[in-house]
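Asks: Have a look at the structure that comes next, please.
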Amino acid sequence: MSTPLTSRRSSAGPLTYAALALVTAVSLFPLLWTAVAASHDSARLARTPPPLWFGGHLPHNLRVAWTDAGLGLALANTVLVAGTVALGTVLCCTVAGFAFARLRFRGSRPLLLLTVGTMMVPPQLGVVPLFLLMARLGWAGELRAVVLPALVSAFGVFFMRQYLSGALPAELVEAARVDGAHTGRVVWHVVLPAARPAMVVLGMLSFVQSWNDFFWPVVALTQENPTVQVALTGLGRGYVPDQAVVMAGALLGTLPLLLAFALLGRRITGGVMQGALKG
C-alpha cells in the first residue's frame with residue numbers, strides 16, 4: 001500500500017531572519033536618511049556627527065521645497081509623462097515582441113539583433129541629434145519631447161519577445177488563424193491576455209525609469225514646464241544651497257512612487273510570480 005506524498009514546508013532559521021533584516025535595513029537606509037536630513041536645518045547637517053534622528057524642521061522644509069521648486073506642476077507633469085511612457089512602452093513592445101516571437105517575415109533575425117544591439121549604445125551619444133530633431137519639430141521645452149523618444153525600448157521588445165516565445169504556443173496562434181482571426185484580433189484576444197504578467201512587470205519598470213529619468217529631461221525641458229527631476233535641480237543652485245531643502249524636495253519626489261507601490265504592490269508581485277511560473 002502506497003503512502004501519500006507529504007510536502008514539508010521549510011522553516012526559516014535565525015540566520016535567515018538576520019539576513020533579511022540586514023538587507024531590509026540597508027535598502028531603507030537612504031530613504032530614512034533623506035527623511036532625517038529633511039527634518040533639520042543646513043547648520044545642523046553641516047556639524048559632525050550628523051543627526052541620526054528626526055528634527056523639527058520637516059514641515060517648513062517641505063513647504064519651502066514645494067514652493068521654490070514648483071513641485072505641484074512638476075509632479076503633475078511627471079505623472080503624465082511616466083504614465084504615457086509606461087502605457088506606450090507596454091503596448092508597442094508587446095506587439096513588437098509578438099512579431100519577433102511568432103510571426104514569420106523577412107529579415108526578422110537581423111532586425112532583432114539590431115534592436116538588441118542598440119542597448120549597447122550609450123544614450124548620451126544621441127542627445128545632440130535628438131535635440132536638433134525636437135527643435136526642428138518645435139517641441140523643445142514641451143513634454144512630448146520627453147515622451148515620444150521613450151515610447152519604445154529595445155529592452156522592452158527583447159523582454160516581451162523572450163516571454164512570449166515561452167508563454168504563447170505557436171499552436172494557439174495558428175488555431176486563431178484557422179478560426180478566421182486577423183492579426184489585430186489575434187493580438188487583442190490571444191497575445192495581450194497571455195502577455196499580461198510580463199506587461200505588468202514591463203509597465204512597472206518603464207514607469208519607474210521614466211519617473212527617475214534625469215539626463216534627457218534636463219536637456220529637453222525648462223524650469224517653466226519641468227518634471228520632478230528637472231524641478232529638483234533648481235533647489236541645488238546658488239552659492240550655498242540649502243541641503244535640508246534639497247533633501248525635502250527629494251523626499252517629496254519619492255513619495256508618489258512609494259504610494260504607488262503600497263497600493264499596487266500585491267498586483268505587481270502577483271504579475272511577477274505569474275510570469276515566473278509561466279516562464
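Going through the C-alpha cells in order, the chains are called A, B, and so on, while each chain numbers its residues from 1 and the ligands are numbered from 1 in the order shown.
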As an MDAnalysis selection string, which residues of stretch 78-255 of chain A does DSSP assign to alpha helix (DSSP H)?
Replies: chainID A and resid 78:102 108:117 127:137 144:147 154:167 170:178 183:186 192:194 196:212 215:220 228:233 243:255
Asks: Between A:Trp139, A:Trp188, A:Trp216, A:Phe159, which is the closest to A:Val201 once you count only C-alpha atoms?
Replies: A:Phe159
Asks: Would you mind telling me which residue in A:Met204, A:Val190, A:Ala145, A:Leu172 lies nearest to A:Leu257 when using only C-alpha atoms?
Replies: A:Met204
Asks: Tell me which of A:Ala220, A:Leu263, A:His57, A:Phe215 sits closest to A:Gln124, counting only C-alpha atoms.
Replies: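 Between A:Ala220, A:Leu263, A:His57, A:Phe215, the residue approaching A:Gln124 most closely is A:Phe215.
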Asks: What separation in Å, quoted to one decimal, exists between atom CA of A:Asp41 and atom CA of A:Leu28?
Replies: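 One can read the atom CA of A:Asp41 to atom CA of A:Leu28 distance as 22.1 Å.
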Asks: Tell me, as a list in words, which residues lie within 12 Å of stretch 45-50 of chain A, counting only C-alpha atoms; anything in the same chain fewer than 5 positions away does not count.
Replies: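 Contacts, in chain order: Trp33, Thr34, Val36, Ala37, Ala38, Ser39, His40, Gly55, His57, Val240, Pro241, Asp242, Gln243, Ala244, Val245, Val246 and Met247 of chain A.
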